[in-house]
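Chemist: Encoded as structure tokens, here's the structure I'll be asking about.
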Amino acid sequence: MQKFFLLSFLIGFISCNNHKAVDTKKDPNTIMAILAHPDDEAAFGQILAKYAAEGKKVYLVIAADGRYGVEEHAGIPAGDTLALVRKNESICACKVLGIDNPIFLELHDGFGLLSGLGEYFDQTAQIKEKVTQIVQEVNPDVILTFGPDGDTGHVDHKGIGDLVTEVILKEGWYEKYPLFFLTWPKEKEVSIPQGQMTSLNYVDKDYMNVHIKYREEDRRKLFKSLDCYKSQLTEDDVKNWIEAELKDTTFTIYFRQFITDKKVRSKF
């Protein structure tokens with residue numbers, strides 16, 4: 001009889017461990033994305049649209065105003081005018097995606113680095129202060145941002161992810177506000193303005209530990225939102241972006257949760 005129970009236990013144990021882990025976490029009710037520039041929301045706009053359509057509260061925080069994002073076809077010089085145009089473009093895109101207007105921190109591209117190291121330290125300090133305040137006010141269930149790979153590798157994308165992570169660690173918010181980095185699989189293609197198809201910055205698939213499914217209607221909203229970015233994208237750019245996106249038939253966006261622990265060790 002004891003052998004029977006032992007055998008039953010082992011069979012059950014092996015069976016359980018051969019099954020995929022079941023996600024027991026509830027869907028978040030409040031999502032906050034903290035990104036670098038107006039138009040960065042397009043990186044995973046279909047996910048923002050998905051949660052908004054499900055009745056979730058979706059907040060978008062944009063750190064820099066895009067004043068240096070000059071594109072020849074638009075004919076808009078760098079500065080305040082371009083910053084205002086890009087602000088309105090992002091508002092347009094959010095309306096299409098079904099989320100509230102962004103919260104603009106209104107710092108500069110490069111977070112002041114183009115104006116000197118002193119300005120960089122000043123602006124990054126402002127970003128951290130404003131992010132801390134906004135997170136406390138909104139009290140989101142999850143925070144989404146760019147990881148060390150920086151989506152396309154843009155220095156501002158990497159920078160905003162670093163600053164958000166710094167705030168989480170400094171304030172002791174690791175458990176309170178779970179943090180997730182956007183990640184791309186190696187095979188994900190994107191069209192750059194020069195008309196070439198290239199891979200995004202990617203991470204090993206074993207580290208992409210959050211897989212969020214979206215629907216065709218969510219992707220349609222993303223495609224429609226691309227028309228808002230007139231200062232950044234030509235008609236051909238939009239066409240090529242959509243063409244690249246349609247090659248991805250997984251209907252999945254991947255994130256990597258920022259994970260650490262509090263265990264104290266005496267060795268590395």
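Here, A, B, ... name the chains of the structure tokens in the order displayed, residue numbers run from 1 inside each chain, and ligands are numbered from 1 in the same displayed order.
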Give the helix (DSSP H, G or I) residues of region 126-214 of chain A, as assigned by DSSP on the backbone, as a ChimeraX atom specification.
Modeler: /A:126-138,155-170,205-207
Chemist: With a distance cut-off of 8 Å and only C-alpha atoms, select the neighbouring residues of His211 (chain A), excluding the residue or stretch itself and same-chain residues fewer than 5 positions from it, and output the selection as a ChimeraX atom specification.
Modeler: /A:252-255
Chemist: For a quick check of understanding, using only C-alpha atoms, which of A:Ile242, A:Ile34, A:Leu163, A:Leu222 has the smallest distance to Lys128 (chain A)?
Modeler: A:Leu163
Chemist: So that I can see what lies close to Val96 (chain A), please list as a PyMOL selection string the residues with an atom at most 12 Å from it, counting only C-alpha atoms and leaving out residues fewer than 2 positions away in the same chain.
Modeler: chain A and resi 41-42+45-46+48-50+52-53+89-94+98-101+217-229
Chemist: Keeping only C-alpha atoms, take the residues you just selected and write them out as a PDB file, in the first residue's frame.
Modeler:
```pdb
ATOM      1  CA  GLU A  41       3.854  54.751 -27.771  1.00  0.00           C
ATOM      2  CA  ALA A  42       3.707  53.191 -31.246  1.00  0.00           C
ATOM      3  CA  GLY A  45       0.400  50.815 -29.155  1.00  0.00           C
ATOM      4  CA  GLN A  46      -1.692  47.711 -29.771  1.00  0.00           C
ATOM      5  CA  LEU A  48      -2.245  50.066 -24.857  1.00  0.00           C
ATOM      6  CA  ALA A  49      -5.302  49.838 -27.135  1.00  0.00           C
ATOM      7  CA  LYS A  50      -6.061  46.324 -25.899  1.00  0.00           C
ATOM      8  CA  ALA A  52      -8.119  50.494 -22.927  1.00  0.00           C
ATOM      9  CA  ALA A  53     -10.737  48.524 -24.890  1.00  0.00           C
ATOM     10  CA  GLU A  89       0.687  64.131 -32.866  1.00  0.00           C
ATOM     11  CA  SER A  90       0.960  62.050 -29.715  1.00  0.00           C
ATOM     12  CA  ILE A  91      -2.411  63.325 -28.488  1.00  0.00           C
ATOM     13  CA  CYS A  92      -3.868  62.340 -31.876  1.00  0.00           C
ATOM     14  CA  ALA A  93      -2.382  58.838 -31.631  1.00  0.00           C
ATOM     15  CA  CYS A  94      -3.672  58.320 -28.090  1.00  0.00           C
ATOM     16  CA  GLY A  98      -8.501  54.909 -27.057  1.00  0.00           C
ATOM     17  CA  ILE A  99      -6.366  56.108 -24.147  1.00  0.00           C
ATOM     18  CA  ASP A 100      -6.216  59.444 -22.320  1.00  0.00           C
ATOM     19  CA  ASN A 101      -3.941  62.252 -23.451  1.00  0.00           C
ATOM     20  CA  GLU A 217      -8.728  45.219 -33.854  1.00  0.00           C
ATOM     21  CA  ASP A 218      -5.946  46.392 -31.523  1.00  0.00           C
ATOM     22  CA  ARG A 219      -3.440  46.186 -34.353  1.00  0.00           C
ATOM     23  CA  ARG A 220      -5.772  48.113 -36.660  1.00  0.00           C
ATOM     24  CA  LYS A 221      -5.803  50.928 -34.111  1.00  0.00           C
ATOM     25  CA  LEU A 222      -2.008  50.916 -34.074  1.00  0.00           C
ATOM     26  CA  PHE A 223      -1.926  51.135 -37.876  1.00  0.00           C
ATOM     27  CA  LYS A 224      -4.393  54.021 -37.864  1.00  0.00           C
ATOM     28  CA  SER A 225      -2.408  55.838 -35.175  1.00  0.00           C
ATOM     29  CA  LEU A 226       0.671  55.885 -37.418  1.00  0.00           C
ATOM     30  CA  ASP A 227      -1.075  58.442 -39.634  1.00  0.00           C
ATOM     31  CA  CYS A 228      -0.876  60.915 -36.751  1.00  0.00           C
ATOM     32  CA  TYR A 229       2.924  61.185 -36.912  1.00  0.00           C
TER      33      TYR A 229
END
```
Chemist: According to DSSP computed on the backbone, where in region 30-161 of chain A is there strand (DSSP E)? Give the residues as a list of chain:residue names.
Modeler: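 Filtering region 30-161 of chain A down to strand (DSSP E) leaves A:Thr30, A:Ile31, A:Met32, A:Ala33, A:Ile34, A:Leu35, A:Lys57, A:Val58, A:Tyr59, A:Leu60, A:Val61, A:Ile62, A:Ala63, A:Ala64, A:Ile103, A:Phe104, A:Leu105, A:Glu106, A:Leu107, A:Val142, A:Ile143, A:Leu144, A:Thr145, A:Phe146.
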Chemist: Smallest atom-to-atom distance to Leu82 (chain A): which of A:Gly66, A:Pro185, A:Gly118, A:Pro102, using only C-alpha atoms?
Modeler: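 Result for the nearest residue to Leu82 (chain A): A:Gly66.
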Chemist: List the neighbours of Glu245 (chain A) out to 10 Å using only C-alpha atoms; skip same-chain residues closer than 6 positions along the sequence, and give me the result as a PyMOL selection string.
Modeler: chain A and resi 188-191+219+223+239+251
Chemist: Can you write just those residues out, N, CA and C atoms, as a PDB file, in the first residue's frame?
Modeler:
```
ATOM      1  N   LYS A 188      11.968  39.735 -35.090  1.00  0.00           N
ATOM      2  CA  LYS A 188      11.059  40.863 -35.285  1.00  0.00           C
ATOM      3  C   LYS A 188      11.684  41.895 -36.215  1.00  0.00           C
ATOM      4  N   GLU A 189      10.975  42.244 -37.272  1.00  0.00           N
ATOM      5  CA  GLU A 189      11.490  43.209 -38.237  1.00  0.00           C
ATOM      6  C   GLU A 189      10.830  44.558 -38.069  1.00  0.00           C
ATOM      7  N   VAL A 190      11.562  45.594 -38.456  1.00  0.00           N
ATOM      8  CA  VAL A 190      11.022  46.950 -38.470  1.00  0.00           C
ATOM      9  C   VAL A 190      11.548  47.628 -39.720  1.00  0.00           C
ATOM     10  N   SER A 191      10.776  48.549 -40.259  1.00  0.00           N
ATOM     11  CA  SER A 191      11.208  49.296 -41.431  1.00  0.00           C
ATOM     12  C   SER A 191      11.761  50.640 -40.980  1.00  0.00           C
ATOM     13  N   ARG A 219      -4.470  45.882 -33.367  1.00  0.00           N
ATOM     14  CA  ARG A 219      -3.440  46.186 -34.353  1.00  0.00           C
ATOM     15  C   ARG A 219      -3.942  47.203 -35.370  1.00  0.00           C
ATOM     16  N   PHE A 223      -2.174  50.717 -36.497  1.00  0.00           N
ATOM     17  CA  PHE A 223      -1.926  51.135 -37.876  1.00  0.00           C
ATOM     18  C   PHE A 223      -2.530  52.519 -38.146  1.00  0.00           C
ATOM     19  N   LYS A 239       3.477  52.845 -44.718  1.00  0.00           N
ATOM     20  CA  LYS A 239       3.221  51.637 -45.510  1.00  0.00           C
ATOM     21  C   LYS A 239       4.229  50.540 -45.174  1.00  0.00           C
ATOM     22  N   PHE A 251       0.679  37.828 -32.999  1.00  0.00           N
ATOM     23  CA  PHE A 251      -0.216  38.702 -32.223  1.00  0.00           C
ATOM     24  C   PHE A 251       0.209  38.737 -30.755  1.00  0.00           C
TER      25      PHE A 251
END
```
Chemist: Using only C-alpha atoms, can you tell me which of A:His108, A:Lys186, A:Lys56, A:Lys130 comes closest to Asp80 (chain A)?
Modeler: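 Going through A:His108, A:Lys186, A:Lys56, A:Lys130 one by one, the smallest distance to Asp80 (chain A) is for A:His108.
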Chemist: To one decimal place in Å, what is the distance between CA of Ala33 (chain A) and CA of Val58 (chain A)?
Modeler: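 One can read the CA of Ala33 (chain A) to CA of Val58 (chain A) distance as 7.8 Å.
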